[in-house]
>>> print(open('entry-v6.txt').read())   # compact mmCIF, C-alpha atoms and all ligand atoms
# COMPACT_ATOMS: atom_id res chain seq x y z
CA MET Q 1 -34.75 141.38 -49.64
CA ALA Q 2 -38.00 139.51 -49.08
CA PRO Q 3 -37.98 135.78 -49.88
CA PRO Q 4 -39.96 134.76 -52.95
CA ARG Q 5 -43.66 134.47 -52.59
CA ARG Q 6 -45.34 131.12 -52.20
CA ARG Q 7 -47.72 130.43 -55.03
CA GLU Q 8 -50.18 127.62 -55.19
CA ALA Q 9 -51.69 126.06 -58.26
CA GLY Q 10 -55.05 124.35 -58.51
CA PRO Q 11 -58.60 125.25 -57.63
CA VAL Q 12 -59.24 128.17 -55.30
CA ALA Q 13 -61.29 127.32 -52.22
CA THR Q 14 -59.74 129.49 -49.50
CA LEU Q 15 -58.62 133.09 -49.12
CA GLU Q 16 -55.05 131.84 -48.77
CA GLN Q 17 -55.22 130.21 -52.22
CA LEU Q 18 -56.97 133.22 -53.70
CA LEU Q 19 -54.40 135.70 -52.43
CA ALA Q 20 -51.55 133.40 -53.47
CA ALA Q 21 -52.89 133.38 -57.03
CA LYS Q 22 -53.54 137.12 -57.47
CA GLU Q 23 -51.56 140.34 -57.69
CA ILE Q 24 -54.35 142.79 -56.88
CA VAL Q 25 -57.17 142.21 -54.42
CA VAL Q 26 -59.80 144.93 -54.14
CA ALA Q 27 -61.93 144.92 -51.00
CA CYS Q 28 -65.25 146.61 -51.58
CA GLY Q 29 -68.66 146.87 -50.00
CA SER Q 30 -70.94 149.38 -48.35
CA GLY Q 31 -69.96 151.80 -45.59
CA GLY Q 32 -68.77 150.61 -42.21
CA VAL Q 33 -68.87 146.87 -42.94
CA GLY Q 34 -65.16 146.34 -42.29
CA LYS Q 35 -63.44 146.90 -45.66
CA THR Q 36 -60.43 148.64 -44.16
CA THR Q 37 -60.06 146.07 -41.38
CA THR Q 38 -60.43 143.14 -43.79
CA ALA Q 39 -57.96 144.60 -46.29
CA ALA Q 40 -55.36 145.24 -43.58
CA ALA Q 41 -55.92 141.82 -41.98
CA LEU Q 42 -55.59 139.92 -45.25
CA ALA Q 43 -52.51 141.88 -46.33
CA SER Q 44 -50.90 141.10 -42.97
CA MET Q 45 -51.74 137.42 -43.36
CA ALA Q 46 -50.30 137.35 -46.87
CA ALA Q 47 -47.07 138.97 -45.66
CA VAL Q 48 -46.81 136.42 -42.84
CA HIS Q 49 -47.75 133.24 -44.70
CA LEU Q 50 -47.19 133.83 -48.43
CA GLY Q 51 -44.14 136.02 -48.24
CA GLY Q 52 -42.94 138.49 -50.86
CA LYS Q 53 -43.72 142.19 -50.70
CA VAL Q 54 -47.31 142.95 -49.83
CA LEU Q 55 -48.82 146.42 -49.91
CA VAL Q 56 -52.06 147.51 -48.35
CA LEU Q 57 -53.32 150.64 -50.08
CA THR Q 58 -55.99 152.34 -48.03
CA VAL Q 59 -58.17 155.33 -48.70
CA ASP Q 60 -59.26 155.47 -45.09
CA PRO Q 61 -57.48 158.26 -43.23
CA ALA Q 62 -58.30 156.55 -39.93
CA GLN Q 63 -55.36 156.94 -37.58
CA ARG Q 64 -56.56 153.71 -35.96
CA LEU Q 65 -55.16 151.67 -38.83
CA ALA Q 66 -51.76 153.33 -38.73
CA THR Q 67 -51.61 152.62 -35.02
CA ALA Q 68 -52.79 149.04 -35.58
CA MET Q 69 -49.89 148.42 -37.93
CA GLY Q 70 -47.32 149.96 -35.65
CA LEU Q 71 -46.84 153.06 -37.83
CA GLU Q 72 -47.01 156.54 -36.45
CA ARG Q 73 -48.49 157.78 -39.66
CA PHE Q 74 -48.21 156.72 -43.24
CA GLY Q 75 -49.01 158.82 -46.24
CA ASN Q 76 -48.96 158.73 -50.01
CA VAL Q 77 -45.50 157.21 -49.95
CA GLU Q 78 -45.40 153.53 -49.02
CA THR Q 79 -44.06 152.79 -45.57
CA ARG Q 80 -42.87 149.44 -44.32
CA VAL Q 81 -44.58 147.96 -41.29
CA PRO Q 82 -41.62 147.14 -39.04
CA ARG Q 83 -40.75 143.50 -38.64
CA GLU Q 84 -40.66 144.07 -34.89
CA ALA Q 85 -44.38 144.83 -34.94
CA PHE Q 86 -44.99 141.28 -36.20
CA VAL Q 87 -42.55 139.78 -33.71
CA ALA Q 88 -44.34 141.67 -30.92
CA ALA Q 89 -47.60 140.14 -32.19
CA GLY Q 90 -46.01 136.69 -31.89
CA VAL Q 91 -45.25 135.87 -35.54
CA GLU Q 92 -42.24 135.70 -37.84
CA PRO Q 93 -43.35 137.02 -41.23
CA ARG Q 94 -42.04 135.31 -44.38
CA GLY Q 95 -42.36 138.53 -46.31
CA GLU Q 96 -42.74 142.27 -45.91
CA LEU Q 97 -45.83 144.34 -45.28
CA TRP Q 98 -46.02 147.86 -46.64
CA ALA Q 99 -48.78 150.41 -46.21
CA ALA Q 100 -49.78 153.51 -48.12
CA GLN Q 101 -52.66 155.84 -47.67
CA LEU Q 102 -54.26 157.63 -50.56
CA ASP Q 103 -53.63 161.35 -50.43
CA THR Q 104 -56.11 162.51 -53.06
CA LYS Q 105 -54.63 165.96 -53.53
CA GLN Q 106 -51.04 164.75 -53.77
CA SER Q 107 -52.03 162.01 -56.21
CA TRP Q 108 -53.82 164.48 -58.48
CA ASP Q 109 -50.77 166.74 -58.42
CA ASP Q 110 -48.53 163.80 -59.35
CA LEU Q 111 -50.87 162.88 -62.17
CA VAL Q 112 -50.86 166.41 -63.55
CA ALA Q 113 -47.08 166.54 -63.29
CA ARG Q 114 -46.89 163.33 -65.29
CA HIS Q 115 -49.24 164.37 -68.07
CA ALA Q 116 -48.60 168.08 -68.44
CA PRO Q 117 -46.84 168.78 -71.74
CA ASP Q 118 -44.37 171.17 -70.09
CA ALA Q 119 -43.43 172.71 -66.76
CA ARG Q 120 -45.30 175.97 -67.47
CA THR Q 121 -48.59 174.19 -68.11
CA ARG Q 122 -48.04 172.02 -65.05
CA ASP Q 123 -47.48 175.00 -62.77
CA ALA Q 124 -50.42 176.88 -64.29
CA ILE Q 125 -52.71 173.95 -63.56
CA LEU Q 126 -51.42 173.39 -60.05
CA ARG Q 127 -51.88 177.12 -59.33
CA ASN Q 128 -55.34 177.33 -60.86
CA PRO Q 129 -57.86 178.01 -58.05
CA LEU Q 130 -60.49 175.83 -59.65
CA TYR Q 131 -58.07 172.93 -59.88
CA GLN Q 132 -57.13 173.36 -56.24
CA ASN Q 133 -60.79 173.31 -55.29
CA ILE Q 134 -61.88 170.59 -57.59
CA THR Q 135 -59.29 167.92 -56.84
CA GLY Q 136 -60.79 167.32 -53.43
CA ARG Q 137 -64.41 167.37 -54.52
CA PHE Q 138 -64.57 166.35 -58.14
CA VAL Q 139 -67.44 163.87 -58.53
CA GLY Q 140 -65.80 160.54 -59.04
CA GLY Q 141 -62.39 162.14 -58.75
CA HIS Q 142 -61.66 160.33 -55.54
CA ASP Q 143 -62.63 156.96 -56.98
CA TYR Q 144 -60.62 157.59 -60.09
CA ILE Q 145 -57.48 158.66 -58.34
CA ALA Q 146 -57.64 155.57 -56.11
CA MET Q 147 -57.69 153.34 -59.20
CA GLU Q 148 -55.05 155.46 -60.88
CA ARG Q 149 -52.70 155.17 -57.93
CA LEU Q 150 -53.31 151.43 -57.86
CA TYR Q 151 -52.37 151.22 -61.51
CA ASP Q 152 -49.18 153.13 -60.87
CA LEU Q 153 -48.13 150.93 -57.95
CA HIS Q 154 -48.92 147.75 -59.86
CA GLN Q 155 -46.98 148.97 -62.89
CA SER Q 156 -43.95 149.68 -60.72
CA GLY Q 157 -43.63 145.91 -60.23
CA VAL Q 158 -42.31 146.45 -56.72
CA TYR Q 159 -45.07 144.50 -54.98
CA ASP Q 160 -46.10 140.87 -55.31
CA LEU Q 161 -49.53 141.61 -53.94
CA ILE Q 162 -51.52 144.82 -53.50
CA VAL Q 163 -54.60 144.75 -51.31
CA VAL Q 164 -56.82 147.77 -51.91
CA ASP Q 165 -59.26 149.19 -49.45
CA THR Q 166 -61.83 151.16 -51.45
CA PRO Q 167 -63.58 154.35 -50.39
CA PRO Q 168 -67.11 154.14 -49.06
CA THR Q 169 -68.72 155.04 -52.35
CA ARG Q 170 -72.22 156.43 -52.61
CA ASN Q 171 -72.83 153.76 -55.14
CA ALA Q 172 -70.59 150.74 -54.81
CA ILE Q 173 -69.94 150.50 -58.53
CA ASP Q 174 -68.87 154.12 -58.87
CA PHE Q 175 -65.22 153.37 -58.60
CA LEU Q 176 -65.39 150.52 -61.09
CA GLU Q 177 -66.71 152.94 -63.62
CA ALA Q 178 -64.43 155.78 -62.60
CA PRO Q 179 -61.80 155.22 -65.32
CA GLU Q 180 -64.48 155.01 -68.00
CA ARG Q 181 -66.22 158.15 -66.73
CA MET Q 182 -62.91 159.97 -66.64
CA ALA Q 183 -62.24 159.07 -70.26
CA ASP Q 184 -65.79 160.09 -71.21
CA PHE Q 185 -65.45 163.36 -69.39
CA PHE Q 186 -62.37 164.35 -71.32
CA SER Q 187 -64.00 163.55 -74.61
CA SER Q 188 -67.35 165.06 -73.64
CA ARG Q 189 -69.23 167.67 -75.54
CA LEU Q 190 -69.68 169.70 -72.39
CA LEU Q 191 -65.94 170.13 -72.15
CA ARG Q 192 -65.63 171.14 -75.78
CA TRP Q 193 -68.50 173.55 -75.37
CA LEU Q 194 -66.85 175.16 -72.38
CA LEU Q 195 -63.64 175.53 -74.28
CA ALA Q 196 -65.16 176.84 -77.47
CA PRO Q 197 -65.15 180.55 -76.63
CA TYR Q 198 -61.53 180.35 -75.56
CA ARG Q 199 -60.42 178.72 -78.70
CA SER Q 200 -62.48 180.91 -80.93
CA ARG Q 201 -61.06 184.13 -82.32
CA ILE Q 202 -64.32 185.91 -81.75
CA TYR Q 203 -63.90 185.33 -78.02
CA ASN Q 204 -62.18 188.66 -77.56
CA VAL Q 205 -64.75 190.66 -79.39
CA ALA Q 206 -67.98 188.87 -78.72
CA SER Q 207 -67.80 187.12 -75.42
CA LYS Q 208 -65.34 189.15 -73.44
CA PRO Q 209 -68.00 191.50 -72.01
CA PHE Q 210 -70.01 188.45 -70.99
CA TYR Q 211 -67.05 186.92 -69.20
CA GLN Q 212 -66.23 190.21 -67.52
CA MET Q 213 -69.78 190.63 -66.29
CA ALA Q 214 -69.94 187.04 -65.12
CA ASP Q 215 -66.73 187.61 -63.21
CA ARG Q 216 -68.23 190.64 -61.50
CA ILE Q 217 -71.20 188.56 -60.41
CA LEU Q 218 -69.46 185.29 -59.59
CA GLY Q 219 -66.34 186.70 -58.03
CA SER Q 220 -63.01 187.69 -59.37
CA ALA Q 221 -61.90 185.84 -62.44
CA PHE Q 222 -64.19 182.91 -61.75
CA LEU Q 223 -65.11 182.04 -65.31
CA GLN Q 224 -61.63 182.90 -66.42
CA ASP Q 225 -60.36 180.28 -63.97
CA VAL Q 226 -62.89 177.76 -65.19
CA ALA Q 227 -62.01 178.23 -68.81
CA GLU Q 228 -58.29 178.31 -68.14
CA PHE Q 229 -58.60 175.14 -66.13
CA PHE Q 230 -60.38 173.25 -68.86
CA MET Q 231 -58.10 174.57 -71.54
CA LEU Q 232 -54.99 173.55 -69.65
CA PHE Q 233 -56.52 170.21 -68.86
CA GLN Q 234 -57.22 169.64 -72.49
CA SER Q 235 -53.53 169.67 -73.19
CA MET Q 236 -53.41 166.48 -71.14
CA TYR Q 237 -56.42 164.93 -72.82
CA LYS Q 238 -54.67 162.21 -74.75
CA GLY Q 239 -52.54 161.07 -71.87
CA PHE Q 240 -55.50 161.02 -69.54
CA VAL Q 241 -57.75 159.00 -71.80
CA GLU Q 242 -55.02 156.47 -72.54
CA ARG Q 243 -54.25 156.22 -68.89
CA ALA Q 244 -57.92 155.77 -67.90
CA ARG Q 245 -58.17 152.93 -70.41
CA ALA Q 246 -55.03 151.30 -69.00
CA VAL Q 247 -56.43 151.55 -65.48
CA GLU Q 248 -59.58 149.87 -66.74
CA ARG Q 249 -57.57 147.03 -68.25
CA VAL Q 250 -55.81 146.38 -64.95
CA LEU Q 251 -59.18 145.96 -63.23
CA GLU Q 252 -60.24 143.48 -65.91
CA ASP Q 253 -56.97 141.56 -65.79
CA ARG Q 254 -57.17 138.03 -64.45
CA ARG Q 255 -54.45 138.81 -61.94
CA THR Q 256 -56.95 141.14 -60.26
CA THR Q 257 -59.78 139.96 -58.06
CA PHE Q 258 -62.55 141.58 -56.03
CA LEU Q 259 -63.54 140.67 -52.50
CA VAL Q 260 -66.99 141.82 -51.49
CA VAL Q 261 -67.23 142.59 -47.79
CA SER Q 262 -70.58 142.75 -46.01
CA THR Q 263 -72.23 142.23 -42.68
CA LEU Q 264 -75.38 140.10 -42.56
CA GLU Q 265 -77.65 143.10 -42.05
CA SER Q 266 -80.20 143.56 -44.78
CA ALA Q 267 -79.03 146.86 -46.29
CA PRO Q 268 -75.33 145.91 -46.72
CA VAL Q 269 -76.34 142.46 -48.02
CA ARG Q 270 -78.59 144.02 -50.66
CA GLU Q 271 -75.76 146.29 -51.68
CA ALA Q 272 -73.31 143.35 -51.74
CA GLU Q 273 -75.63 141.38 -54.03
CA PHE Q 274 -76.05 144.35 -56.30
CA PHE Q 275 -72.30 144.75 -56.40
CA ILE Q 276 -71.70 141.07 -57.11
CA GLU Q 277 -74.11 141.30 -60.01
CA ALA Q 278 -72.30 144.35 -61.35
CA LEU Q 279 -68.96 142.53 -61.16
CA VAL Q 280 -70.37 139.56 -63.04
CA GLN Q 281 -71.90 141.81 -65.67
CA LYS Q 282 -68.65 143.66 -66.15
CA ARG Q 283 -66.82 140.33 -66.34
CA LEU Q 284 -64.60 141.30 -63.46
CA HIS Q 285 -63.26 138.54 -61.28
CA LEU Q 286 -65.30 137.93 -58.15
CA GLY Q 287 -62.87 136.25 -55.77
CA GLY Q 288 -64.92 135.90 -52.65
CA LEU Q 289 -67.46 137.17 -50.19
CA VAL Q 290 -66.38 138.10 -46.68
CA LEU Q 291 -69.26 138.14 -44.23
CA ASN Q 292 -68.06 140.24 -41.34
CA LYS Q 293 -69.19 140.66 -37.75
CA VAL Q 294 -71.16 137.43 -37.85
CA LEU Q 295 -72.59 136.23 -34.53
CA PRO Q 296 -71.21 132.91 -33.23
CA GLY Q 297 -72.88 129.63 -34.18
CA TYR Q 298 -73.36 128.51 -30.57
CA LEU Q 299 -76.22 131.00 -30.31
CA LEU Q 300 -78.24 128.52 -32.39
CA ASN Q 301 -77.23 125.46 -30.37
CA ALA Q 302 -80.30 123.56 -29.03
CA ASP Q 303 -78.80 122.71 -25.62
CA ALA Q 304 -77.62 126.28 -25.12
CA THR Q 305 -81.09 127.51 -26.03
CA GLN Q 306 -82.62 125.22 -23.46
CA ALA Q 307 -80.24 126.47 -20.80
CA ALA Q 308 -81.02 130.11 -21.66
CA ALA Q 309 -84.75 129.39 -21.56
CA ARG Q 310 -84.34 127.84 -18.13
CA LEU Q 311 -82.47 130.89 -16.84
CA CYS Q 312 -85.31 133.04 -18.10
CA ASN Q 313 -88.18 130.92 -16.90
CA ASP Q 314 -86.90 129.78 -13.55
CA PRO Q 315 -83.93 131.88 -12.48
CA ALA Q 316 -84.75 131.26 -8.82
CA ALA Q 317 -84.01 127.53 -9.08
CA VAL Q 318 -80.64 128.14 -10.74
CA ALA Q 319 -79.83 130.96 -8.35
CA ARG Q 320 -80.34 128.62 -5.40
CA LEU Q 321 -77.77 126.26 -6.90
CA VAL Q 322 -75.01 128.86 -7.29
CA ALA Q 323 -75.91 131.72 -4.97
CA GLY Q 324 -73.80 130.56 -2.03
CA ASP Q 325 -70.59 131.04 -4.02
CA VAL Q 326 -71.60 134.05 -6.09
CA GLY Q 327 -73.53 136.38 -3.79
CA ASP Q 328 -76.94 137.40 -2.64
CA THR Q 329 -79.64 135.03 -4.02
CA ALA Q 330 -82.03 137.77 -5.20
CA GLN Q 331 -79.25 139.58 -7.10
CA VAL Q 332 -77.92 136.38 -8.65
CA GLU Q 333 -81.44 135.53 -9.77
CA ARG Q 334 -81.78 138.89 -11.49
CA VAL Q 335 -78.41 138.55 -13.23
CA LEU Q 336 -79.17 135.00 -14.41
CA HIS Q 337 -82.51 136.09 -15.82
CA GLU Q 338 -80.80 138.94 -17.65
CA VAL Q 339 -78.12 136.60 -19.07
CA GLY Q 340 -80.72 134.11 -20.33
CA ASN Q 341 -82.79 136.90 -21.83
CA SER Q 342 -79.82 138.47 -23.53
CA PHE Q 343 -78.79 135.10 -25.02
CA LEU Q 344 -82.27 134.67 -26.50
CA ASN Q 345 -82.22 138.20 -27.90
CA PHE Q 346 -78.88 137.56 -29.60
CA GLN Q 347 -80.31 134.31 -30.88
CA VAL Q 348 -83.06 136.19 -32.72
CA VAL Q 349 -80.39 138.18 -34.56
CA ALA Q 350 -78.26 135.06 -35.18
CA LYS Q 351 -81.30 133.29 -36.69
CA ARG Q 352 -81.97 136.23 -38.95
CA GLU Q 353 -78.30 136.23 -39.99
CA ALA Q 354 -78.45 132.50 -40.80
CA GLU Q 355 -81.58 133.06 -42.91
CA THR Q 356 -80.02 135.97 -44.76
CA ARG Q 357 -76.95 133.85 -45.45
CA ALA Q 358 -79.05 130.98 -46.80
CA GLU Q 359 -80.90 133.39 -49.06
CA LEU Q 360 -77.79 134.86 -50.68
CA SER Q 361 -78.64 134.51 -54.31
CA MET Q 362 -75.15 134.60 -55.76
CA ALA Q 363 -72.29 133.10 -53.85
CA PRO Q 364 -68.72 133.03 -55.16
CA ASP Q 365 -66.37 130.07 -54.61
CA VAL Q 366 -64.91 131.48 -51.46
CA VAL Q 367 -67.37 132.60 -48.79
CA VAL Q 368 -66.04 133.18 -45.29
CA ALA Q 369 -67.60 134.41 -42.07
CA VAL Q 370 -65.59 136.61 -39.72
CA PRO Q 371 -66.82 136.46 -36.14
CA TYR Q 372 -67.89 139.57 -34.30
CA PHE Q 373 -64.96 140.20 -31.98
CA ASP Q 374 -65.79 141.56 -28.57
CA THR Q 375 -63.13 144.25 -28.80
CA ASP Q 376 -62.30 146.75 -31.50
CA ILE Q 377 -59.46 145.72 -33.82
CA TYR Q 378 -56.75 148.14 -32.75
CA ASP Q 379 -53.40 146.40 -33.29
CA LEU Q 380 -51.53 144.00 -35.55
CA ALA Q 381 -52.29 141.08 -33.23
CA GLY Q 382 -56.00 141.89 -33.60
CA LEU Q 383 -55.72 142.09 -37.40
CA LEU Q 384 -53.89 138.75 -37.49
CA ARG Q 385 -56.44 137.16 -35.17
CA LEU Q 386 -59.20 138.28 -37.51
CA GLY Q 387 -57.20 137.07 -40.51
CA GLU Q 388 -56.49 133.66 -38.96
CA SER Q 389 -60.21 133.10 -38.45
CA VAL Q 390 -60.83 133.07 -42.20
CA TRP Q 391 -57.48 132.40 -43.90
CA THR Q 392 -57.86 128.67 -44.60
CA ALA Q 393 -61.56 128.30 -43.78
N1 LIG K 401 -65.12 141.34 -37.08
C1 LIG K 401 -65.12 142.45 -36.35
N2 LIG K 401 -65.37 142.40 -35.02
C2 LIG K 401 -65.40 143.52 -34.27
N3 LIG K 401 -65.18 144.74 -34.74
C3 LIG K 401 -64.91 144.87 -36.06
C4 LIG K 401 -64.87 143.73 -36.93
N4 LIG K 401 -64.59 144.17 -38.19
C5 LIG K 401 -64.47 145.51 -38.11
N5 LIG K 401 -64.67 145.94 -36.84
C6 LIG K 401 -64.67 147.33 -36.35
O1 LIG K 401 -65.73 148.00 -37.03
C7 LIG K 401 -65.37 149.35 -37.32
C8 LIG K 401 -65.53 149.62 -38.82
O2 LIG K 401 -64.59 148.84 -39.54
P1 LIG K 401 -63.84 149.42 -40.83
O3 LIG K 401 -63.31 150.78 -40.55
O4 LIG K 401 -62.89 148.38 -41.25
O5 LIG K 401 -65.07 149.51 -41.84
P2 LIG K 401 -65.07 150.14 -43.32
O6 LIG K 401 -65.96 149.30 -44.15
O7 LIG K 401 -63.69 150.34 -43.79
O8 LIG K 401 -65.75 151.53 -43.02
P3 LIG K 401 -65.83 152.80 -44.04
O9 LIG K 401 -66.85 152.43 -45.07
O10 LIG K 401 -66.27 153.90 -43.14
O11 LIG K 401 -64.46 152.98 -44.61
C9 LIG K 401 -63.95 149.51 -36.80
O12 LIG K 401 -64.00 150.12 -35.56
C10 LIG K 401 -63.42 148.09 -36.71
O13 LIG K 401 -62.44 147.95 -35.69
MG MG K 402 -62.74 152.07 -44.54
>>> encode(input="entry-v6.txt", output="structure tokens", more="lines below")
Ligand SMILES: Nc1ncnc2c1ncn2[C@@H]1O[C@H](COP(=O)(O)OP(=O)(O)OP(=O)(O)O)[C@@H](O)[C@H]1O
Ligand SMILES: [Mg+2]
Amino acid sequence: MAPPRRREAGPVATLEQLLAAKEIVVACGSGGVGKTTTAAALASMAAVHLGGKVLVLTVDPAQRLATAMGLERFGNVETRVPREAFVAAGVEPRGELWAAQLDTKQSWDDLVARHAPDARTRDAILRNPLYQNITGRFVGGHDYIAMERLYDLHQSGVYDLIVVDTPPTRNAIDFLEAPERMADFFSSRLLRWLLAPYRSRIYNVASKPFYQMADRILGSAFLQDVAEFFMLFQSMYKGFVERARAVERVLEDRRTTFLVVSTLESAPVREAEFFIEALVQKRLHLGGLVLNKVLPGYLLNADATQAAARLCNDPAAVARLVAGDVGDTAQVERVLHEVGNSFLNFQVVAKREAETRAELSMAPDVVVAVPYFDTDIYDLAGLLRLGESVWTA
């Protein structure tokens, strides 16, 4: 059994304190900014330093992450990251790290199984071609099922901390609104309208020819499938709406917090600010902002700048000083010029990043910058290295 988790009281100024105080941490932000990496890194850090049972729930099917955590593959069922993987990375974890990946289809099936009034209805839904098609593509379905699965895992009480890696949503707030939209959908007029002919007694007489003709045009039993699907789904209406509301309450709970992840490029930053505003408006807890892939501060150092300028302006003089040991003077001169030039180019980007950072209109209590590592993060040691760089900063 994992030793009890270390909790800290008092004001929250670091990610360590934030994660110690919360039960659910949701990493969100625009595409490709490092949500999955950050979520996995912070969950690993929590397992190592805070102890207890920590779960990272990812929606990213990237095999890279499974490999990084020393797991061949992990699916909808939670899998423990072996202790040996931590030992190999040079640490003794206080607690346990578990990982689960969201299997959308499997999660929908589980949900139907839970809410269907009886086995016959359940099987009819699971067999329905429209259901089979829709569960993968349903607008918002993916976001909803991610939140739903989170709710389920949290309710189980098995984990002290769940770190969620959210899907790259078209609109970052989609998944926040997913439970509400799901509840709306089931009480919508559109749904009732679709079901009306099936519930009505005149269906047989009046609309059957229409349905038959539509089927001939749209393919075998298409509308029949649609109507059957909605009718069967309606039998789960109450359970679904109640459940969507409960999922919503978990997001609003003070034990839940959101971490916005962004790089310092203009588009992700705009999206991060928009998202932060949405969180504030919805009165959801904004725990922190993780600025990822930030260029190192030495790029703005005055002495370093002077040195780079000298390499650019007078590479010959520097080349004469070192050439004997390094190689041919002309080649060394070219390389030095290139190095100086490249430094100054990076500096332009670093300056822009610093400006963007200063302009951030809304900053939560915890703001951390993760350096841009020169290699991809491909193993647990890499995740922990990334985590260490921001854990107590
Ligand atoms: N600080 C960093 N330094 C270097 N590479 C990084 C850093 N953070 C993330 N990466 C790399 O950037 C890539 C994208 O990261 P990641 O998959 O975590 O982003 P994401 O936000 O989850 O993307 P998506 O929106 O597609 O799910 C990965 O290859 C990852 O290894
Ligand atoms: Mg991801």
>>> residues_around(input="entry-v6.txt", residues="range 228-241 of chain Q", least_positions_apart="6", cutoff="6 Å", atoms="all atoms listed in the file", output="list in words")
His115, Ala116 and Ala183 of chain Q
>>> residues_around(input="entry-v6.txt", residues="Thr356 in chain Q", least_positions_apart="2", cutoff="9 Å", atoms="only C-alpha atoms", output="list in words")
Leu264, Glu265, Ser266, Val269, Lys351, Arg352, Glu353, Ala354, Ala358, Glu359 and Leu360 of chain Q
>>> residues_near_ligand(input="entry-v6.txt", ligand="ligand LIG 401 (chain K)", cutoff="7 Å", atoms="only C-alpha atoms and all ligand atoms", output="JSON, numbers by chain")
{"Q": [29, 30, 31, 32, 33, 34, 35, 36, 37, 38, 60, 167, 168, 292, 293, 370, 371, 372, 373, 374, 375, 376, 377, 378, 386]}
>>> closest_residue(input="entry-v6.txt", among="Q:Val164, Q:Leu19, Q:Val25, Q:Ala124", to="ligand MG 402 (chain K)", atoms="only C-alpha atoms and all ligand atoms")
Q:Val164
>>> closest_residue(input="entry-v6.txt", among="Q:Ala21, Q:Leu57, Q:Ala43, Q:Val91", to="ligand MG 402 (chain K)", atoms="all atoms listed in the file")
Q:Leu57
>>> closest_residue(input="entry-v6.txt", among="Q:Asp165, Q:Glu333, Q:Asp303, Q:Asp253", to="ligand MG 402 (chain K)", atoms="all atoms listed in the file")
Q:Asp165
>>> closest_residue(input="entry-v6.txt", among="Q:Leu55, Q:Leu344, Q:Val322, Q:Leu65", to="Asn301 in chain Q", atoms="all atoms listed in the file")
Q:Leu344
>>> closest_residue(input="entry-v6.txt", among="Q:Ser389, Q:Arg114, Q:Gln17, Q:Gln63", to="ligand MG 402 (chain K)", atoms="all atoms listed in the file")
Q:Gln63
>>> residues_around(input="entry-v6.txt", residues="Glu84 in chain Q", least_positions_apart="4", cutoff="12 Å", atoms="only C-alpha atoms", output="list of chain:residue names")
Q:Met69, Q:Gly70, Q:Leu71, Q:Arg80, Q:Ala88, Q:Ala89, Q:Gly90, Q:Val91, Q:Glu92, Q:Pro93, Q:Glu96, Q:Leu97, Q:Leu380
